[in-house]
>>> print(open('coords.cif').read())   # mmCIF, C-alpha atoms
data_input
#
loop_
_atom_site.label_atom_id
_atom_site.label_comp_id
_atom_site.auth_asym_id
_atom_site.auth_seq_id
_atom_site.Cartn_x
_atom_site.Cartn_y
_atom_site.Cartn_z
CA MET A 28 -3.61 28.01 -83.81
CA LYS A 29 0.19 28.10 -83.86
CA GLU A 30 1.73 28.36 -80.45
CA LYS A 31 5.25 28.57 -79.14
CA THR A 32 4.27 25.81 -76.74
CA LEU A 33 1.37 23.57 -75.85
CA SER A 34 -1.51 25.40 -74.20
CA GLU A 35 -1.14 25.63 -70.45
CA LEU A 36 -4.47 23.79 -70.21
CA VAL A 37 -2.69 20.73 -71.66
CA TYR A 38 -0.11 20.92 -68.88
CA GLU A 39 -2.85 21.39 -66.36
CA ARG A 40 -4.43 18.15 -67.56
CA TYR A 41 -0.99 16.49 -67.49
CA SER A 42 -0.62 17.48 -63.84
CA LEU A 43 -3.98 15.78 -63.20
CA TYR A 44 -2.90 12.65 -65.10
CA TYR A 45 0.35 12.66 -63.12
CA ARG A 46 -1.38 12.63 -59.73
CA CYS A 47 -3.90 10.00 -60.83
CA VAL A 48 -1.28 7.70 -62.39
CA ASN A 49 1.01 8.01 -59.38
CA LYS A 50 -1.82 7.01 -57.08
CA MET A 51 -2.72 3.96 -59.19
CA TYR A 52 0.90 2.88 -59.52
CA HIS A 53 2.34 3.61 -56.07
CA LYS A 54 -0.66 3.42 -53.74
CA GLU A 55 -2.76 0.80 -55.51
CA ASN A 56 0.21 -1.18 -56.89
CA ARG A 57 -1.42 -1.51 -60.29
CA GLU A 58 0.21 -1.93 -63.70
CA ILE A 59 -2.35 -0.98 -66.35
CA THR A 60 -5.00 1.66 -66.95
CA ASP A 61 -6.87 2.98 -69.98
CA SER A 62 -8.35 6.25 -71.18
CA ASN A 63 -11.86 5.28 -70.06
CA GLU A 64 -10.78 4.71 -66.48
CA LEU A 65 -8.79 7.96 -66.45
CA SER A 66 -11.83 9.68 -67.93
CA ARG A 67 -14.13 8.40 -65.15
CA ASN A 68 -11.66 9.39 -62.43
CA LEU A 69 -10.79 12.82 -63.78
CA LYS A 70 -14.04 13.73 -65.54
CA ILE A 71 -12.15 14.57 -68.72
CA ASP A 72 -13.38 13.35 -72.09
CA SER A 73 -11.62 10.07 -72.98
CA SER A 74 -10.92 11.24 -76.56
CA LEU A 75 -9.12 14.30 -75.17
CA ILE A 76 -7.13 12.06 -72.83
CA ARG A 77 -6.07 9.83 -75.74
CA ARG A 78 -5.05 12.89 -77.76
CA ASP A 79 -3.04 14.31 -74.85
CA LEU A 80 -1.32 11.02 -74.09
CA SER A 81 -0.44 10.46 -77.74
CA LEU A 82 2.19 13.17 -77.17
CA ILE A 83 4.08 10.58 -75.16
CA GLY A 84 6.01 8.32 -77.52
CA LYS A 85 5.67 4.52 -77.57
CA MET A 86 2.56 4.26 -75.43
CA GLY A 87 1.51 0.86 -76.68
CA LYS A 88 -1.11 -0.35 -79.11
CA ARG A 89 -4.69 0.77 -79.39
CA GLY A 90 -6.99 -1.24 -77.15
CA MET A 91 -4.19 -2.59 -74.99
CA GLY A 92 -4.44 0.08 -72.27
CA TYR A 93 -1.52 2.03 -70.93
CA SER A 94 1.30 0.65 -68.81
CA LEU A 95 1.20 2.83 -65.68
CA LEU A 96 4.99 2.72 -65.40
CA SER A 97 5.50 3.98 -68.99
CA LEU A 98 2.75 6.53 -68.51
CA LYS A 99 4.32 7.81 -65.32
CA SER A 100 7.79 8.21 -66.83
CA GLY A 101 6.35 9.76 -70.00
CA ILE A 102 4.36 12.30 -68.02
CA GLU A 103 7.38 13.05 -65.81
CA GLU A 104 9.40 13.78 -68.92
CA ILE A 105 6.73 16.11 -70.33
CA LEU A 106 6.33 17.96 -67.00
CA GLY A 107 10.11 18.20 -66.55
CA LYS A 108 9.99 16.22 -63.31
CA ASP A 109 13.21 14.47 -64.32
CA LYS A 110 15.06 17.79 -63.89
CA THR A 111 15.73 20.09 -60.94
CA TRP A 112 14.29 23.62 -61.20
CA ASN A 113 15.66 26.61 -59.33
CA LEU A 114 13.16 28.73 -57.42
CA VAL A 115 13.41 32.23 -56.05
CA ILE A 116 10.75 33.38 -53.58
CA VAL A 117 10.08 37.10 -53.16
CA GLY A 118 8.02 38.30 -50.20
CA LEU A 119 7.99 36.82 -46.71
CA GLY A 120 4.67 38.05 -45.34
CA ASN A 121 1.99 35.61 -44.18
CA LEU A 122 1.62 34.07 -47.59
CA GLY A 123 5.33 33.90 -48.47
CA ASN A 124 6.02 32.33 -45.10
CA ALA A 125 3.38 29.66 -45.66
CA ILE A 126 4.76 28.95 -49.15
CA LEU A 127 8.38 28.77 -47.98
CA ARG A 128 7.55 26.48 -45.06
CA TYR A 129 5.51 24.16 -47.22
CA LEU A 130 8.12 23.92 -49.99
CA ALA A 131 10.96 23.52 -47.50
CA HIS A 132 9.17 20.56 -45.89
CA SER A 133 8.35 18.78 -49.14
CA SER A 134 10.78 16.73 -51.15
CA SER A 135 10.44 17.61 -54.80
CA ASN A 136 12.36 18.52 -57.94
CA TYR A 137 12.12 22.21 -56.99
CA ASN A 138 15.07 23.78 -55.25
CA ILE A 139 14.68 27.05 -53.31
CA ILE A 140 17.83 28.96 -54.25
CA LYS A 141 17.12 32.37 -52.75
CA VAL A 142 14.47 34.14 -50.67
CA TYR A 143 14.07 37.92 -50.86
CA GLU A 144 12.20 40.49 -48.81
CA LYS A 145 12.37 44.26 -48.46
CA ASP A 146 11.40 44.56 -44.77
CA PRO A 147 14.69 45.34 -42.93
CA ARG A 148 13.40 43.55 -39.82
CA LYS A 149 13.28 40.28 -41.76
CA ILE A 150 16.47 40.64 -43.82
CA ASN A 151 19.33 38.38 -42.66
CA THR A 152 17.04 36.33 -40.44
CA LYS A 153 16.58 32.64 -41.25
CA VAL A 154 13.34 30.83 -42.04
CA GLU A 155 13.44 27.05 -42.44
CA GLY A 156 17.20 27.23 -42.95
CA HIS A 157 16.94 29.86 -45.68
CA VAL A 158 18.60 33.25 -45.18
CA ILE A 159 16.24 36.10 -46.06
CA ASN A 160 18.03 38.38 -48.52
CA ASP A 161 17.58 42.06 -49.24
CA MET A 162 15.58 42.64 -52.42
CA GLU A 163 17.73 45.74 -53.03
CA HIS A 164 20.73 43.46 -53.59
CA PHE A 165 19.35 40.93 -56.01
CA ASP A 166 21.95 38.25 -56.74
CA THR A 167 22.47 38.21 -60.49
CA GLY A 168 25.07 35.45 -60.52
CA ILE A 169 22.49 32.69 -60.20
CA ARG A 170 20.26 30.94 -62.74
CA TYR A 171 16.67 31.16 -61.56
CA ASP A 172 14.05 29.17 -63.46
CA ILE A 173 10.85 30.07 -61.65
CA GLY A 174 10.11 33.13 -59.53
CA ILE A 175 7.37 32.98 -56.88
CA ILE A 176 5.88 36.39 -56.13
CA ALA A 177 4.23 36.71 -52.72
CA VAL A 178 4.49 40.47 -52.11
CA PRO A 179 1.53 42.87 -51.70
CA SER A 180 -0.22 43.66 -54.97
CA THR A 181 1.16 47.20 -55.11
CA GLU A 182 4.70 45.81 -55.25
CA ALA A 183 4.18 42.81 -57.49
CA GLN A 184 4.83 44.51 -60.85
CA GLY A 185 8.09 46.03 -59.59
CA VAL A 186 9.27 42.65 -58.37
CA ALA A 187 8.23 41.02 -61.64
CA ASN A 188 10.27 43.61 -63.57
CA ILE A 189 13.37 42.84 -61.50
CA LEU A 190 12.92 39.09 -62.02
CA VAL A 191 12.42 39.54 -65.76
CA ASN A 192 15.46 41.82 -66.05
CA HIS A 193 17.52 39.13 -64.39
CA GLY A 194 16.51 36.41 -66.80
CA ILE A 195 13.68 34.61 -65.02
CA LYS A 196 11.83 32.26 -67.39
CA ALA A 197 8.62 31.60 -65.48
CA ILE A 198 6.61 33.32 -62.77
CA LEU A 199 4.08 31.97 -60.29
CA ASN A 200 2.19 34.94 -58.91
CA PHE A 201 0.26 34.89 -55.64
CA ALA A 202 -0.32 38.65 -55.55
CA PRO A 203 -3.90 39.47 -56.57
CA VAL A 204 -2.98 41.67 -59.52
CA LYS A 205 -2.53 41.24 -63.27
CA LEU A 206 1.14 41.54 -64.22
CA LYS A 207 2.45 42.96 -67.49
CA LEU A 208 5.10 40.55 -68.66
CA PRO A 209 6.98 39.87 -71.90
CA GLU A 210 5.34 37.18 -74.07
CA SER A 211 8.32 34.90 -73.54
CA ILE A 212 7.70 34.51 -69.78
CA PHE A 213 5.61 31.53 -68.72
CA TYR A 214 3.08 32.64 -66.20
CA ARG A 215 0.64 31.17 -63.69
CA GLU A 216 -1.26 32.84 -60.93
CA VAL A 217 -3.05 31.51 -57.89
CA ASP A 218 -6.31 33.39 -57.73
CA ILE A 219 -8.70 32.54 -54.91
CA PHE A 220 -11.60 34.27 -56.69
CA LYS A 221 -11.07 32.04 -59.71
CA GLU A 222 -11.36 29.00 -57.44
CA LEU A 223 -14.44 30.38 -55.68
CA ASP A 224 -16.04 31.21 -59.06
CA ILE A 225 -15.53 27.63 -60.26
CA LEU A 226 -17.18 26.27 -57.09
CA SER A 227 -20.08 28.73 -57.23
CA GLY A 228 -20.55 27.87 -60.92
CA MET A 229 -20.91 24.20 -60.02
CA LEU A 230 -23.25 25.05 -57.14
CA THR A 231 -25.37 27.20 -59.45
CA PHE A 232 -25.71 24.41 -62.01
CA GLU A 233 -26.82 22.02 -59.28
CA MET A 234 -29.35 24.52 -57.88
CA ASN A 235 -30.83 25.05 -61.35
CA ASN A 236 -30.99 21.36 -62.26
CA HIS A 237 -32.12 19.56 -59.11
CA MET B 7 -20.00 10.83 -70.29
CA LYS B 8 -22.99 11.56 -68.05
CA GLU B 9 -22.21 13.93 -65.26
CA LYS B 10 -24.16 15.48 -62.43
CA THR B 11 -22.71 18.80 -63.54
CA LEU B 12 -20.49 20.30 -66.21
CA SER B 13 -16.85 19.32 -65.81
CA GLU B 14 -14.96 21.69 -63.56
CA LEU B 15 -12.66 22.35 -66.51
CA VAL B 16 -15.62 24.07 -68.21
CA TYR B 17 -16.03 26.37 -65.22
CA GLU B 18 -12.31 26.98 -65.18
CA ARG B 19 -12.55 28.16 -68.78
CA TYR B 20 -15.60 30.24 -67.87
CA SER B 21 -13.59 31.99 -65.16
CA LEU B 22 -10.98 32.81 -67.83
CA TYR B 23 -13.69 34.10 -70.20
CA TYR B 24 -15.10 36.17 -67.36
CA ARG B 25 -11.84 37.97 -66.64
CA CYS B 26 -11.11 38.54 -70.31
CA VAL B 27 -14.62 39.82 -71.12
CA ASN B 28 -14.61 42.12 -68.08
CA LYS B 29 -11.32 43.63 -69.16
CA MET B 30 -12.56 44.26 -72.72
CA TYR B 31 -15.84 45.70 -71.52
CA HIS B 32 -14.84 47.76 -68.47
CA LYS B 33 -11.20 48.64 -69.10
CA GLU B 34 -11.19 48.89 -72.90
CA ASN B 35 -14.78 50.16 -73.19
CA ARG B 36 -15.54 47.82 -76.06
CA GLU B 37 -18.85 46.32 -77.13
CA ILE B 38 -18.13 43.30 -79.33
CA THR B 39 -15.74 40.35 -79.43
CA ASP B 40 -15.66 36.98 -81.20
CA SER B 41 -14.40 33.48 -80.53
CA ASN B 42 -11.24 34.05 -82.59
CA GLU B 43 -10.20 37.03 -80.52
CA LEU B 44 -10.96 35.19 -77.27
CA SER B 45 -8.98 32.25 -78.64
CA ARG B 46 -5.92 34.40 -79.35
CA ASN B 47 -6.06 36.05 -75.94
CA LEU B 48 -6.68 32.91 -73.91
CA LYS B 49 -4.89 30.32 -76.07
CA ILE B 50 -7.99 28.14 -76.06
CA ASP B 51 -9.24 26.54 -79.28
CA SER B 52 -11.94 28.76 -80.84
CA SER B 53 -14.24 25.78 -81.50
CA LEU B 54 -14.11 24.89 -77.81
CA ILE B 55 -14.89 28.51 -76.93
CA ARG B 56 -17.92 28.51 -79.25
CA ARG B 57 -19.12 25.24 -77.73
CA ASP B 58 -18.71 26.58 -74.18
CA LEU B 59 -20.43 29.87 -74.93
CA SER B 60 -23.34 28.12 -76.66
CA LEU B 61 -24.43 27.18 -73.12
CA ILE B 62 -25.40 30.83 -72.72
CA GLY B 63 -28.80 31.36 -74.27
CA LYS B 64 -29.49 34.02 -76.93
CA MET B 65 -25.89 34.83 -77.76
CA GLY B 66 -26.60 36.23 -81.20
CA LYS B 67 -26.22 34.88 -84.70
CA ARG B 68 -23.29 33.01 -86.16
CA GLY B 69 -20.68 35.35 -87.62
CA MET B 70 -22.00 38.42 -85.82
CA GLY B 71 -19.61 38.22 -82.89
CA TYR B 72 -20.65 38.37 -79.26
CA SER B 73 -22.00 41.42 -77.46
CA LEU B 74 -19.62 41.86 -74.52
CA LEU B 75 -22.45 43.00 -72.29
CA SER B 76 -24.59 39.92 -73.02
CA LEU B 77 -21.54 37.71 -72.69
CA LYS B 78 -20.65 39.25 -69.35
CA SER B 79 -24.14 38.81 -67.89
CA GLY B 80 -24.45 35.29 -69.33
CA ILE B 81 -21.13 34.23 -67.81
CA GLU B 82 -22.06 35.86 -64.49
CA GLU B 83 -25.24 33.81 -64.44
CA ILE B 84 -23.39 30.57 -65.17
CA LEU B 85 -20.74 31.28 -62.52
CA GLY B 86 -23.39 32.32 -59.98
CA LYS B 87 -21.92 35.81 -59.68
CA ASP B 88 -25.45 37.22 -59.50
CA LYS B 89 -25.86 35.54 -56.09
CA THR B 90 -24.16 35.95 -52.72
CA TRP B 91 -22.32 32.91 -51.39
CA ASN B 92 -21.60 32.29 -47.72
CA LEU B 93 -18.04 31.38 -46.81
CA VAL B 94 -16.60 29.80 -43.70
CA ILE B 95 -12.82 29.92 -43.22
CA VAL B 96 -11.15 27.34 -40.98
CA GLY B 97 -7.56 27.90 -39.86
CA LEU B 98 -5.90 31.22 -39.08
CA GLY B 99 -2.22 30.40 -39.47
CA ASN B 100 -0.05 32.28 -41.96
CA LEU B 101 -2.07 31.08 -44.92
CA GLY B 102 -5.52 31.54 -43.37
CA ASN B 103 -4.53 35.03 -42.28
CA ALA B 104 -3.43 35.95 -45.79
CA ILE B 105 -6.67 34.54 -47.23
CA LEU B 106 -8.90 36.32 -44.70
CA ARG B 107 -7.15 39.66 -45.16
CA TYR B 108 -7.34 39.43 -48.92
CA LEU B 109 -11.01 38.44 -49.02
CA ALA B 110 -11.94 41.05 -46.40
CA HIS B 111 -10.33 43.79 -48.51
CA SER B 112 -11.97 42.75 -51.79
CA SER B 113 -15.52 43.53 -52.73
CA SER B 114 -17.12 40.44 -54.21
CA ASN B 115 -20.17 38.22 -54.13
CA TYR B 116 -18.56 36.12 -51.39
CA ASN B 117 -19.50 36.81 -47.82
CA ILE B 118 -17.31 35.63 -44.94
CA ILE B 119 -19.84 34.39 -42.38
CA LYS B 120 -17.59 32.75 -39.82
CA VAL B 121 -13.92 32.17 -39.14
CA TYR B 122 -12.78 29.22 -37.01
CA GLU B 123 -9.50 28.24 -35.37
CA LYS B 124 -8.51 25.78 -32.66
CA ASP B 125 -5.59 27.70 -31.14
CA PRO B 126 -6.94 29.14 -27.84
CA ARG B 127 -4.61 32.15 -28.15
CA LYS B 128 -6.42 33.22 -31.29
CA ILE B 129 -10.00 32.40 -30.33
CA ASN B 130 -12.13 35.48 -29.55
CA THR B 131 -9.57 37.84 -31.05
CA LYS B 132 -10.57 39.84 -34.11
CA VAL B 133 -8.91 39.86 -37.53
CA GLU B 134 -10.15 42.36 -40.13
CA GLY B 135 -13.33 42.82 -38.12
CA HIS B 136 -14.06 39.09 -37.96
CA VAL B 137 -14.24 37.38 -34.58
CA ILE B 138 -12.20 34.17 -34.53
CA ASN B 139 -14.45 31.37 -33.26
CA ASP B 140 -13.60 28.14 -31.50
CA MET B 141 -13.70 25.18 -33.90
CA GLU B 142 -14.98 23.05 -30.97
CA HIS B 143 -18.20 25.08 -31.01
CA PHE B 144 -19.12 24.99 -34.67
CA ASP B 145 -22.22 27.10 -35.29
CA THR B 146 -24.76 24.81 -36.93
CA GLY B 147 -27.51 27.41 -37.27
CA ILE B 148 -25.96 28.99 -40.34
CA ARG B 149 -26.10 28.05 -44.03
CA TYR B 150 -22.55 27.81 -45.33
CA ASP B 151 -22.06 27.38 -49.07
CA ILE B 152 -18.30 27.11 -49.39
CA GLY B 153 -15.75 26.10 -46.76
CA ILE B 154 -12.15 27.24 -47.06
CA ILE B 155 -9.72 24.90 -45.32
CA ALA B 156 -6.40 26.49 -44.31
CA VAL B 157 -5.35 24.23 -41.43
CA PRO B 158 -2.20 22.05 -41.33
CA SER B 159 -2.49 18.92 -43.49
CA THR B 160 -2.78 16.61 -40.47
CA GLU B 161 -5.98 18.38 -39.42
CA ALA B 162 -7.59 18.98 -42.81
CA GLN B 163 -9.57 15.74 -43.04
CA GLY B 164 -11.07 16.25 -39.57
CA VAL B 165 -12.12 19.78 -40.47
CA ALA B 166 -13.56 18.57 -43.77
CA ASN B 167 -15.62 15.95 -41.91
CA ILE B 168 -17.08 18.61 -39.60
CA LEU B 169 -17.94 20.87 -42.54
CA VAL B 170 -19.55 18.00 -44.44
CA ASN B 171 -21.55 16.91 -41.37
CA HIS B 172 -22.88 20.45 -41.11
CA GLY B 173 -24.11 20.57 -44.67
CA ILE B 174 -21.33 22.35 -46.55
CA LYS B 175 -21.79 22.05 -50.33
CA ALA B 176 -18.35 22.99 -51.61
CA ILE B 177 -14.80 23.00 -50.26
CA LEU B 178 -11.73 24.96 -51.31
CA ASN B 179 -8.74 23.24 -49.76
CA PHE B 180 -5.37 24.94 -49.24
CA ALA B 181 -3.96 22.14 -47.08
CA PRO B 182 -1.54 20.02 -49.10
CA VAL B 183 -3.39 16.75 -48.64
CA LYS B 184 -5.97 14.73 -50.57
CA LEU B 185 -9.32 14.80 -48.77
CA LYS B 186 -11.86 11.97 -48.76
CA LEU B 187 -15.22 13.61 -49.42
CA PRO B 188 -18.69 12.47 -50.44
CA GLU B 189 -19.28 12.59 -54.21
CA SER B 190 -21.87 15.33 -53.72
CA ILE B 191 -19.36 17.89 -52.42
CA PHE B 192 -17.84 20.22 -55.02
CA TYR B 193 -14.14 20.43 -54.45
CA ARG B 194 -11.16 22.51 -55.52
CA GLU B 195 -7.69 22.60 -54.12
CA VAL B 196 -4.89 25.10 -54.45
CA ASP B 197 -1.77 23.05 -55.00
CA ILE B 198 1.50 24.90 -55.47
CA PHE B 199 3.18 21.80 -56.90
CA LYS B 200 0.52 21.57 -59.59
CA GLU B 201 1.29 25.18 -60.57
CA LEU B 202 5.04 24.56 -60.54
CA ASP B 203 4.60 21.39 -62.63
CA ILE B 204 2.65 23.32 -65.26
CA LEU B 205 5.40 25.95 -65.48
CA SER B 206 8.20 23.38 -65.61
CA GLY B 207 6.26 21.50 -68.30
CA MET B 208 6.16 24.65 -70.43
CA LEU B 209 9.85 25.33 -69.74
CA THR B 210 10.71 21.75 -70.71
CA PHE B 211 8.86 22.05 -74.02
CA GLU B 212 10.72 25.25 -74.82
CA MET B 213 14.09 23.73 -73.93
CA ASN B 214 13.42 20.74 -76.19
CA ASN B 215 12.12 22.76 -79.14
CA HIS B 216 14.38 25.81 -79.36
#
>>> encode(input="coords.cif", output="structure tokens")
Amino acid sequence: MKEKTLSELVYERYSLYYRCVNKMYHKENREITDSNELSRNLKIDSSLIRRDLSLIGKMGKRGMGYSLLSLKSGIEEILGKDKTWNLVIVGLGNLGNAILRYLAHSSSNYNIIKVYEKDPRKINTKVEGHVINDMEHFDTGIRYDIGIIAVPSTEAQGVANILVNHGIKAILNFAPVKLKLPESIFYREVDIFKELDILSGMLTFEMNNH
Amino acid sequence: MKEKTLSELVYERYSLYYRCVNKMYHKENREITDSNELSRNLKIDSSLIRRDLSLIGKMGKRGMGYSLLSLKSGIEEILGKDKTWNLVIVGLGNLGNAILRYLAHSSSNYNIIKVYEKDPRKINTKVEGHVINDMEHFDTGIRYDIGIIAVPSTEAQGVANILVNHGIKAILNFAPVKLKLPESIFYREVDIFKELDILSGMLTFEMNNH
């Protein structure tokens, strides 16, 4: 299967490796791990872990384990955590508010550049130091990397179209609706029913096997 | 690797199969698909898809494709979508409000049984027809399957402990904090930084290869 990029499932596993490696290195002050330990912690097949981590150059010899420091910096490079990414948030309802407050209080390599809303009562107010801008006057002079959509589902496609027209490269969608997007746009959605389905799947397996 | 259940990554793929199969069957009125088509749509290796779907019994002969109807009902069985699951939601801030409103407006096999909050100004009010209950008086006479935690991160572990003590089997955590839970609890978390890291990983790959 030829792809323009690695499957997003690979990056999803990388984000798991990243959190696990960070914990071992920073919280447990350790220096070495191996694919079997990562496999036990993350419940991912160790052969898949070795294949994934072989994408990182110079990861040491077979059987020697991985240096956590090299692993961490290799994963950071693959996830782009050594760069700063510009975010635009659209929609300041309950969900958008929660997202903005959380991001504004976290230090990260993501930079909230603009926040947009269409409700005139919210426009020009400030939330967490960010001015709420009018979606009707979308600022085209800025490079946005990732757009976060937190508007009602009926408005999400319209917002996505505006973001795409203005050169957005990736979208994280919290609105519970499938968006039609050009192939070139990287896309993730947060879908509570997906999460609930995964949990009820695991519960079902346990009910049937215990 | 022996596990008490299938890896949650398997269920995550199943939730992707479910959405894709539903779309083909209900929206496109089709009857048959195969692992290659699923692979193209979902960007998952076709051999992995065949292995996953072999968990569904009686899925037809090799080379004949899959009946979408059988696939749909097999996946529903594996994900437990043929059962009703009881939810308890804890925390009615911005995020909890958005979650409650969304779930209350969607028809699904998830049933919101109780909603809890500790803010006295909210207790005994109603949101979307659900009475907001006092977290201090947790109703122990009810079977909860899945607990949704939407409280601030400082309070999430305390809430998780209460849910676990009252026999919860699965937790979906929206608070941005790692929870310490017994091994027997099924756990998912919605982590916006994980989603952003996946997108920035894909953007990084594209920048380096184009």
>>> interface_residues(input="coords.cif", of="chain B", to="chain A", cutoff="7 Å", atoms="only C-alpha atoms", output="list in words")
Thr11, Ser13, Glu14, Tyr17, Glu18, Ser21, Lys49, Ile84, Leu85, Gly86, Asn100, Leu101, Asn103, Ala104, Ala176, Phe192, Arg194, Lys200, Glu201, Asp203, Ile204, Leu205, Ser206, Gly207, Met208, Thr210, Phe211 and Glu212 of chain B
>>> atom_distance(input="coords.cif", atom1="atom CA of Tyr44 of chain A", atom2="atom CA of Lys184 of chain B")
15.0 Å
>>> closest_residue(input="coords.cif", among="A:Glu182, A:Leu96, A:Arg148, A:Asn192", to="Asn160 of chain A", atoms="only C-alpha atoms")
A:Arg148
>>> resolve_selection(input="coords.cif", expression="the PyMOL selection byres ((chain A and resi 61) around 8)", output="JSON list (two decimals) with C-alpha atoms, in the frame of the given file")
[["chain", "number", "residue", "atom", "x", "y", "z"],
["A", 59, "ILE", "CA", -2.35, -0.98, -66.35],
["A", 60, "THR", "CA", -5.00, 1.66, -66.95],
["A", 62, "SER", "CA", -8.35, 6.25, -71.18],
["A", 63, "ASN", "CA", -11.86, 5.28, -70.06],
["A", 64, "GLU", "CA", -10.78, 4.71, -66.48],
["A", 65, "LEU", "CA", -8.79, 7.96, -66.45],
["A", 91, "MET", "CA", -4.19, -2.59, -74.99],
["A", 92, "GLY", "CA", -4.44, 0.08, -72.27],
["A", 93, "TYR", "CA", -1.52, 2.03, -70.93]]
>>> resolve_selection(input="coords.cif", expression="the PyMOL selection byres ((chain B and resi 119) around 8)", output="list in words")
Asn92, Leu93, Val94, Asn117, Ile118, Lys120, Val121 and Tyr150 of chain B
>>> build_atoms(input="coords.cif", residues="segment 195-209 of chain A", atoms="N, CA, C and O atoms", output="CSV table (one decimal), keeping the file's coordinate frame")
chain,number,residue,atom,x,y,z
A,195,ILE,N,14.6,35.7,-65.4
A,195,ILE,CA,13.7,34.6,-65.0
A,195,ILE,C,12.9,34.1,-66.2
A,195,ILE,O,12.6,34.9,-67.2
A,196,LYS,N,12.5,32.8,-66.2
A,196,LYS,CA,11.8,32.3,-67.4
A,196,LYS,C,10.4,32.0,-67.1
A,196,LYS,O,9.5,31.9,-68.0
A,197,ALA,N,10.0,31.9,-65.8
A,197,ALA,CA,8.6,31.6,-65.5
A,197,ALA,C,8.3,32.2,-64.1
A,197,ALA,O,9.2,32.4,-63.3
A,198,ILE,N,7.0,32.7,-64.0
A,198,ILE,CA,6.6,33.3,-62.8
A,198,ILE,C,5.3,32.7,-62.3
A,198,ILE,O,4.4,32.4,-63.0
A,199,LEU,N,5.3,32.4,-61.0
A,199,LEU,CA,4.1,32.0,-60.3
A,199,LEU,C,3.7,33.1,-59.3
A,199,LEU,O,4.4,33.4,-58.4
A,200,ASN,N,2.6,33.7,-59.6
A,200,ASN,CA,2.2,34.9,-58.9
A,200,ASN,C,1.1,34.7,-57.9
A,200,ASN,O,0.0,34.2,-58.3
A,201,PHE,N,1.3,35.0,-56.7
A,201,PHE,CA,0.3,34.9,-55.6
A,201,PHE,C,-0.3,36.2,-55.3
A,201,PHE,O,-1.3,36.3,-54.5
A,202,ALA,N,0.2,37.3,-55.8
A,202,ALA,CA,-0.3,38.6,-55.6
A,202,ALA,C,-1.6,38.8,-56.4
A,202,ALA,O,-1.5,38.5,-57.6
A,203,PRO,N,-2.6,39.4,-55.8
A,203,PRO,CA,-3.9,39.5,-56.6
A,203,PRO,C,-3.9,40.7,-57.5
A,203,PRO,O,-4.6,41.6,-57.3
A,204,VAL,N,-3.1,40.6,-58.6
A,204,VAL,CA,-3.0,41.7,-59.5
A,204,VAL,C,-2.5,41.1,-60.8
A,204,VAL,O,-1.7,40.1,-60.9
A,205,LYS,N,-3.0,41.7,-61.9
A,205,LYS,CA,-2.5,41.2,-63.3
A,205,LYS,C,-1.2,41.8,-63.5
A,205,LYS,O,-1.0,43.0,-63.4
A,206,LEU,N,-0.2,41.0,-63.9
A,206,LEU,CA,1.1,41.5,-64.2
A,206,LEU,C,1.3,41.7,-65.7
A,206,LEU,O,0.8,40.9,-66.5
A,207,LYS,N,2.0,42.8,-66.1
A,207,LYS,CA,2.4,43.0,-67.5
A,207,LYS,C,3.8,42.3,-67.6
A,207,LYS,O,4.8,42.7,-67.0
A,208,LEU,N,3.9,41.3,-68.5
A,208,LEU,CA,5.1,40.6,-68.7
A,208,LEU,C,5.4,40.4,-70.1
A,208,LEU,O,4.5,40.3,-71.0
A,209,PRO,N,6.7,40.2,-70.5
A,209,PRO,CA,7.0,39.9,-71.9
A,209,PRO,C,6.3,38.5,-72.3
A,209,PRO,O,6.1,37.7,-71.4
